[in-house]
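Here the structure comes first, spelled out in structure tokens, and everything after it is commentary.
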Amino acid sequence: MSVGASHNRLHIKGGRVVNADCSVDADVYIENGLIVKVGKNLDVPGGTRVVDASGKLVMPGGIDTHTHMQLPFMGTFAVDDFYVGTKAAIAGGTTMIIDFVLDQKGVSLIEAYDKWRGWADPKVCCDYSFHIAVTWWSPQVKSEMAELAKNRGINSFKMFMAYKDVFMLDDSELYEVYKNCRELGALAMMHAENGHVIQHEQERMLNLGITGPEGHALCRPEDVEAEATGRAIMIANRLNCPMYIVHVMSKSSADVIVQARKQGNVVFGEPIAASLGTDGTNYWHKCWRHAAGHVMGPPLRPDPTTPGYLMDLLANGDLECTGTDNCTFNASQKALGKDNFAKIPNGVNGVEDRMSVIWEKGVASGKMDENRFVAVTSTNAAKVFNIYPQKGVIAPGSDADIIIWDAEATRTISAKTHHQAVDFNIFEGLVCHGVNSCTISRGKVVYEAEDNKFTVSGGDGKFVPRKPFCKYVYNRINKRKENYDPSKVEREPFQGPVHQINKAT
Ligand code: URP
Ligand code: ZN
Ligand code: ZN
Ligand code: ZN
């Protein structure tokens, strides 16, 4: 066997393989980036590199459903770019991100897609994919959505009900976009906040002399999110279009999703590391930088019981996937809004810490078990976004995106030690049980925590195309179309006289 060949083979030994359905003591044999065998006493070619996983959990790498690397936003660029951001992801145990192509109104969706691919392809250290934001509506946008869905590997589109005059669509435009998503077999994703109310409330707070970060929370209370969540789902339901609510931040918005699911809607909710791991009391912190560091939309909620509530819903199956909305800005960038909270660039960190935060607040707290952890950090995302079983499971034939998780170890989160570019961490000081000790991406060891060693280069990650008409989402939608599409009542025409409208009166 040549030395070169052995580089393409890996034998993970002695660990406990944890999938979303069950856990088994088993070894994993990997060849050329794919999982070949899972089991005991595997027959493995000589010269294969061995990774010792004794006493540890061997899990599918995390899939972060929501990031914004190097996003141009509110006059500046997010500081975690596709290189640093994906490296930090790898350190934390995430092996795939789904980022957003998000450009201004009037910009061609295809040109935006090409631009974002140009940014990401040479830099990514782990696999990635894109959702496309639809920030305006026209016949051109309609046909470009079709091109993206049919030929460019895109099956999810995000719309905004907030950021008036920037990204926001009105209800009638949303109706058109949903209709198109439905025809293309795509998933409609929504940033649910009432942008009209926010704009008026921002003015009201500023007129009251409230210019600090607390104003951000005060002008976007929970019902601003809950109302939009309900409206987004209602419109989607009219069109039998599946709906995914991104960054679920409040109890009331989560309740709307739960209720809609109970009523039979095909709707998914995505809490993020921030909404599961911290709260909006931080907006009242005396240190301006600290308070501004938490500014994101929708805001974190001042009710400190919110994270636990969202975690319960995630644990019990009411919420589906977890992202981070990682969109980071340094102190000097946040300071663009030092005299006006409405100008503070919106966004927080999470891509590195999501897995640990969910383990700590979800598994270590006893709210969910290790299998549900895998479901909500990886498998469900793979299913909803149509990359299962390529991703999200440790099984023969799947991509070898694997983490070796030390459930006994602890680490303290800090901006001083994290791998992200940003100078602040919203989870600063949080002690997390559950630490990623080794990350394997496409069958290659890319990170070892023991000596903080990365063996990965920008561009090693690959774009993962995603097909439309995902069965996990569209099986129910298609059946409903057969069964419930409106139909007319056959009846005899009315034969009596018809009142004449006198145009003169
Ligand atoms: O504050 C946020 N969420 N920033 C990123 C853009 C978005 O709305 O997802
Ligand atoms: Zn958003
Ligand atoms: Zn401070
Ligand atoms: Zn976002």
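Starting from 1 in every chain, residues are counted up; chains themselves are A, B, ... following the order of the structure tokens, and ligands are numbered from 1 as listed.
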
### Task
With only C-alpha atoms and all ligand atoms counted, collect every polymer residue having an atom within 9 Å of ligand 3; state the result as JSON, numbers by chain.
{"A": [285, 286, 287, 288, 289, 290, 291]}

Residues just named, written with C-alpha atoms as a compact mmCIF listing (two decimals), in the first residue's frame:
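Resulting contents of again.txt:
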# COMPACT_ATOMS: atom_id res chain seq x y z
CA HIS A 285 -26.01 46.23 30.54
CA LYS A 286 -24.19 49.38 31.67
CA CYS A 287 -21.27 48.75 29.30
CA TRP A 288 -22.33 50.04 25.86
CA ARG A 289 -20.09 47.59 23.95
CA HIS A 290 -21.46 44.63 25.88
CA ALA A 291 -25.06 45.69 25.20

Contacts between region 416-428 of chain A and region 238-350 of chain A, please, where a residue of region 238-350 of chain A counts if it comes within 7 Å (with only C-alpha atoms); show its shortest atom pair and distance in Å to one decimal, rows by chain and ascending number, as JSON lines.
{"residue": "A:Gly293", "atom": "CA", "partner": "A:Phe424", "partner_atom": "CA", "distance": 6.9}
{"residue": "A:His294", "atom": "CA", "partner": "A:Ile426", "partner_atom": "CA", "distance": 6.5}
{"residue": "A:Thr328", "atom": "CA", "partner": "A:Val422", "partner_atom": "CA", "distance": 6.1}
{"residue": "A:Phe329", "atom": "CA", "partner": "A:Val422", "partner_atom": "CA", "distance": 6.3}
{"residue": "A:Asn330", "atom": "CA", "partner": "A:Val422", "partner_atom": "CA", "distance": 5.5}
{"residue": "A:Asn349", "atom": "CA", "partner": "A:Asn425", "partner_atom": "CA", "distance": 6.4}

Can those selected residues be exported to a file as a compact mmCIF listing (two decimals), in the first residue's frame so that it contains C-alpha atoms?
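Saved to result35.txt:
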# COMPACT_ATOMS: atom_id res chain seq x y z
CA GLY A 293 -22.58 43.13 21.16
CA HIS A 294 -25.96 41.44 21.61
CA THR A 328 -20.22 39.28 13.56
CA PHE A 329 -19.06 42.86 13.95
CA ASN A 330 -16.19 44.25 15.99
CA ASN A 349 -21.53 35.03 16.97

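Taking only C-alpha atoms, the non-local environment of Ser457 (chain A) within 9 Å (same-chain residues fewer than 6 positions away omitted) comprises Tyr83, Lys87, Lys123, Val124 and Cys125 of chain A.
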
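Every residue having at least one atom no farther than 10 Å from ligand 2 is included below, with only C-alpha atoms and all ligand atoms taken into account: A:His66, A:Thr67, A:His68, A:Phe100, A:Ala133, A:Lys158, A:Met159, A:Phe160, A:Met161, A:Ala162, A:Tyr163, A:Phe167, A:Met189, A:Met190, A:His191, A:Ala192, A:Glu193, A:Ile245, A:Val246, A:His247, A:Val248, A:Met296, A:Gly297, A:Pro298, A:Asp325, A:Asn346, A:Gly347.
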
Extract, using only C-alpha atoms, all DNA, RNA and protein residues at most 7 Å from Gly85 (chain A), discarding same-chain residues fewer than 4 positions from it, and format them as a short mmCIF file (atom, residue, chain, number, x, y, z; two decimals) with C-alpha atoms, in the first residue's frame.
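Final file, part_38.cif:
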data_model
loop_
_atom_site.label_atom_id
_atom_site.label_comp_id
_atom_site.auth_asym_id
_atom_site.auth_seq_id
_atom_site.Cartn_x
_atom_site.Cartn_y
_atom_site.Cartn_z
CA MET A 69 -19.88 35.04 6.59
CA ASP A 80 -15.86 36.38 10.15
CA ASP A 81 -15.20 35.63 6.50
CA ALA A 89 -16.99 26.10 12.79
CA GLN A 420 -13.49 33.56 15.32
#

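Rounded to one decimal, CA of Asp121 (chain A) and CA of Val464 (chain A) lie 11.0 Å from each other.
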
### Query
In region 72-313 of chain A, what's alpha helix (DSSP H) per DSSP? Answer as a PyMOL selection string?
chain A and resi 82-92+109-120+139-151+171-184+195-207+214-218+222-238+251-262+273-277+288-293+306-313

Write a file of the selected residues as a tab-separated table (two decimals), in the first residue's frame, keeping C-alpha atoms.
chain	number	residue	atom	x	y	z
A	82	PHE	CA	-15.63	32.27	4.78
A	83	TYR	CA	-12.12	31.23	5.87
A	84	VAL	CA	-12.03	32.21	9.54
A	85	GLY	CA	-15.73	31.48	9.99
A	86	THR	CA	-15.54	27.92	8.67
A	87	LYS	CA	-12.30	27.25	10.56
A	88	ALA	CA	-14.04	28.30	13.77
A	89	ALA	CA	-16.99	26.10	12.79
A	90	ILE	CA	-14.66	23.12	12.48
A	91	ALA	CA	-13.10	23.78	15.88
A	92	GLY	CA	-16.55	23.72	17.47
A	109	LEU	CA	-30.09	36.74	-8.09
A	110	ILE	CA	-27.76	34.86	-10.43
A	111	GLU	CA	-25.12	37.61	-10.27
A	112	ALA	CA	-25.42	37.64	-6.48
A	113	TYR	CA	-25.08	33.84	-6.38
A	114	ASP	CA	-21.94	34.00	-8.58
A	115	LYS	CA	-20.47	36.75	-6.40
A	116	TRP	CA	-21.03	34.77	-3.18
A	117	ARG	CA	-19.63	31.58	-4.76
A	118	GLY	CA	-16.59	33.62	-5.76
A	119	TRP	CA	-16.13	34.70	-2.13
A	120	ALA	CA	-16.77	31.31	-0.59
A	139	PRO	CA	-40.50	38.56	-13.68
A	140	GLN	CA	-36.68	38.44	-13.76
A	141	VAL	CA	-36.54	37.31	-10.11
A	142	LYS	CA	-39.17	34.67	-10.85
A	143	SER	CA	-37.15	33.15	-13.69
A	144	GLU	CA	-33.85	33.44	-11.81
A	145	MET	CA	-35.34	31.52	-8.88
A	146	ALA	CA	-36.21	28.78	-11.37
A	147	GLU	CA	-32.68	28.74	-12.79
A	148	LEU	CA	-31.22	28.54	-9.26
A	149	ALA	CA	-33.55	25.71	-8.24
A	150	LYS	CA	-33.17	23.70	-11.45
A	151	ASN	CA	-29.51	24.18	-12.29
A	171	ASP	CA	-47.57	40.64	1.74
A	172	SER	CA	-48.53	40.60	-1.92
A	173	GLU	CA	-44.90	40.14	-3.00
A	174	LEU	CA	-44.51	37.39	-0.41
A	175	TYR	CA	-47.57	35.71	-1.90
A	176	GLU	CA	-45.91	35.72	-5.33
A	177	VAL	CA	-42.58	34.43	-4.01
A	178	TYR	CA	-44.25	31.63	-2.05
A	179	LYS	CA	-46.24	30.65	-5.12
A	180	ASN	CA	-43.00	30.40	-7.06
A	181	CYS	CA	-41.30	28.41	-4.26
A	182	ARG	CA	-44.21	26.00	-4.30
A	183	GLU	CA	-44.00	25.52	-8.07
A	184	LEU	CA	-40.22	25.01	-7.91
A	195	GLY	CA	-40.96	46.08	9.52
A	196	HIS	CA	-43.54	48.89	9.45
A	197	VAL	CA	-44.06	48.81	13.20
A	198	ILE	CA	-40.30	48.62	13.83
A	199	GLN	CA	-39.66	51.73	11.75
A	200	HIS	CA	-42.28	53.78	13.65
A	201	GLU	CA	-41.17	52.46	17.00
A	202	GLN	CA	-37.52	53.29	16.28
A	203	GLU	CA	-38.54	56.92	15.72
A	204	ARG	CA	-40.64	56.92	18.89
A	205	MET	CA	-37.76	55.57	21.03
A	206	LEU	CA	-35.28	58.05	19.58
A	207	ASN	CA	-37.75	60.90	20.24
A	214	GLU	CA	-32.03	48.87	24.96
A	215	GLY	CA	-33.93	50.90	22.36
A	216	HIS	CA	-33.34	48.07	19.86
A	217	ALA	CA	-35.23	45.66	22.13
A	218	LEU	CA	-37.90	48.19	23.09
A	222	GLU	CA	-42.11	39.85	21.14
A	223	ASP	CA	-45.46	40.42	19.47
A	224	VAL	CA	-43.73	42.22	16.56
A	225	GLU	CA	-42.08	38.83	15.88
A	226	ALA	CA	-45.11	36.69	16.75
A	227	GLU	CA	-47.50	38.67	14.51
A	228	ALA	CA	-45.19	38.36	11.51
A	229	THR	CA	-44.61	34.66	12.21
A	230	GLY	CA	-48.35	34.03	12.13
A	231	ARG	CA	-48.77	36.11	8.97
A	232	ALA	CA	-45.90	34.34	7.20
A	233	ILE	CA	-47.41	30.94	8.00
A	234	MET	CA	-50.93	32.02	7.08
A	235	ILE	CA	-49.89	33.23	3.61
A	236	ALA	CA	-47.77	30.13	2.99
A	237	ASN	CA	-50.63	27.90	4.04
A	238	ARG	CA	-52.94	29.60	1.51
A	251	LYS	CA	-41.64	32.27	23.34
A	252	SER	CA	-44.60	33.87	21.57
A	253	SER	CA	-43.21	33.28	18.09
A	254	ALA	CA	-42.39	29.67	19.02
A	255	ASP	CA	-45.94	29.27	20.33
A	256	VAL	CA	-47.33	30.44	16.99
A	257	ILE	CA	-45.21	27.80	15.21
A	258	VAL	CA	-46.27	25.07	17.63
A	259	GLN	CA	-49.94	25.99	17.17
A	260	ALA	CA	-49.58	26.04	13.38
A	261	ARG	CA	-47.99	22.59	13.43
A	262	LYS	CA	-50.81	21.31	15.63
A	273	ALA	CA	-27.42	29.29	19.58
A	274	ALA	CA	-28.03	32.87	20.78
A	275	SER	CA	-31.72	32.37	21.58
A	276	LEU	CA	-30.97	29.04	23.28
A	277	GLY	CA	-27.92	30.23	25.19
A	288	TRP	CA	-22.33	50.04	25.86
A	289	ARG	CA	-20.09	47.59	23.95
A	290	HIS	CA	-21.46	44.63	25.88
A	291	ALA	CA	-25.06	45.69	25.20
A	292	ALA	CA	-24.35	46.48	21.53
A	293	GLY	CA	-22.58	43.13	21.16
A	306	THR	CA	-36.90	32.22	27.02
A	307	PRO	CA	-33.80	30.06	26.29
A	308	GLY	CA	-35.05	27.20	28.48
A	309	TYR	CA	-38.50	27.37	26.90
A	310	LEU	CA	-37.09	27.21	23.36
A	311	MET	CA	-34.81	24.34	24.39
A	312	ASP	CA	-37.81	22.39	25.69
A	313	LEU	CA	-39.60	22.82	22.37

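Using only C-alpha atoms and all ligand atoms, the shortest contact distance between ligand 1 and any of A:Gly350, A:Gly392, A:Gly496, A:Gly62 is found at A:Gly350.
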
### Task
Write out as a PyMOL selection string which residues come within 9 Å of region 371-376 of chain A when counting only C-alpha atoms, dropping same-chain ones fewer than 6 positions away.
chain A and resi 18-23+59-62+314-317+319-322+355+358-359+362-363+392-393

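Proximity ranking of A:Pro122, A:Gly47, A:Gly209, A:Pro271 relative to ligand 4 places A:Pro271 first, based on only C-alpha atoms and all ligand atoms.
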
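In this model, the gap between CA of Trp284 (chain A) and CA of Ile344 (chain A) comes to 15.1 Å.
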
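Rounded to one decimal, CA of Tyr128 (chain A) and CA of Ala400 (chain A) lie 14.5 Å from each other.
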
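When only C-alpha atoms are used to measure the gap to Gln104 (chain A), the shortest distance among A:Leu57, A:Val24, A:Val134, A:Ile394 belongs to A:Val134.
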
### Query
Between A:Ile35, A:Val351, A:Leu102, A:Leu42, which is the closest to ligand 1 once you count only C-alpha atoms and all ligand atoms?
A:Leu102

#### Entry: Picked from region 97-157 of chain A by DSSP as strand (DSSP E), as an MDAnalysis selection string
chainID A and resid 97:101 127:133 156:157

Output N, CA and C atoms for every residue in that selection, as a PDB file, in the first residue's frame.
ATOM      1  N   ILE A  97     -21.842  24.483   6.794  1.00  0.00           N
ATOM      2  CA  ILE A  97     -22.679  25.656   7.054  1.00  0.00           C
ATOM      3  C   ILE A  97     -23.585  25.874   5.839  1.00  0.00           C
ATOM      4  N   ILE A  98     -24.745  26.448   6.095  1.00  0.00           N
ATOM      5  CA  ILE A  98     -25.574  26.940   4.982  1.00  0.00           C
ATOM      6  C   ILE A  98     -25.671  28.457   5.174  1.00  0.00           C
ATOM      7  N   ASP A  99     -25.018  29.178   4.278  1.00  0.00           N
ATOM      8  CA  ASP A  99     -24.915  30.630   4.351  1.00  0.00           C
ATOM      9  C   ASP A  99     -25.988  31.249   3.439  1.00  0.00           C
ATOM     10  N   PHE A 100     -26.085  32.561   3.474  1.00  0.00           N
ATOM     11  CA  PHE A 100     -27.109  33.250   2.680  1.00  0.00           C
ATOM     12  C   PHE A 100     -26.484  34.145   1.629  1.00  0.00           C
ATOM     13  N   VAL A 101     -26.931  33.993   0.390  1.00  0.00           N
ATOM     14  CA  VAL A 101     -26.650  34.996  -0.633  1.00  0.00           C
ATOM     15  C   VAL A 101     -27.685  36.092  -0.406  1.00  0.00           C
ATOM     16  N   ASP A 127     -17.526  21.920   4.137  1.00  0.00           N
ATOM     17  CA  ASP A 127     -18.547  21.969   3.093  1.00  0.00           C
ATOM     18  C   ASP A 127     -19.564  23.061   3.407  1.00  0.00           C
ATOM     19  N   TYR A 128     -20.199  23.540   2.354  1.00  0.00           N
ATOM     20  CA  TYR A 128     -21.180  24.611   2.559  1.00  0.00           C
ATOM     21  C   TYR A 128     -22.223  24.572   1.460  1.00  0.00           C
ATOM     22  N   SER A 129     -23.303  25.303   1.712  1.00  0.00           N
ATOM     23  CA  SER A 129     -24.323  25.478   0.696  1.00  0.00           C
ATOM     24  C   SER A 129     -24.916  26.875   0.886  1.00  0.00           C
ATOM     25  N   PHE A 130     -25.845  27.241   0.024  1.00  0.00           N
ATOM     26  CA  PHE A 130     -26.447  28.578   0.101  1.00  0.00           C
ATOM     27  C   PHE A 130     -27.970  28.511   0.108  1.00  0.00           C
ATOM     28  N   HIS A 131     -28.576  29.367   0.936  1.00  0.00           N
ATOM     29  CA  HIS A 131     -29.951  29.805   0.736  1.00  0.00           C
ATOM     30  C   HIS A 131     -29.836  31.117  -0.043  1.00  0.00           C
ATOM     31  N   ILE A 132     -30.850  31.431  -0.841  1.00  0.00           N
ATOM     32  CA  ILE A 132     -30.820  32.706  -1.569  1.00  0.00           C
ATOM     33  C   ILE A 132     -31.903  33.622  -1.004  1.00  0.00           C
ATOM     34  N   ALA A 133     -31.508  34.855  -0.662  1.00  0.00           N
ATOM     35  CA  ALA A 133     -32.504  35.826  -0.189  1.00  0.00           C
ATOM     36  C   ALA A 133     -33.182  36.486  -1.388  1.00  0.00           C
ATOM     37  N   SER A 156     -33.835  26.531  -1.253  1.00  0.00           N
ATOM     38  CA  SER A 156     -34.419  27.316  -0.158  1.00  0.00           C
ATOM     39  C   SER A 156     -34.182  28.798  -0.409  1.00  0.00           C
ATOM     40  N   PHE A 157     -35.227  29.582  -0.194  1.00  0.00           N
ATOM     41  CA  PHE A 157     -35.173  31.025  -0.432  1.00  0.00           C
ATOM     42  C   PHE A 157     -35.653  31.750   0.817  1.00  0.00           C
TER      43      PHE A 157
END
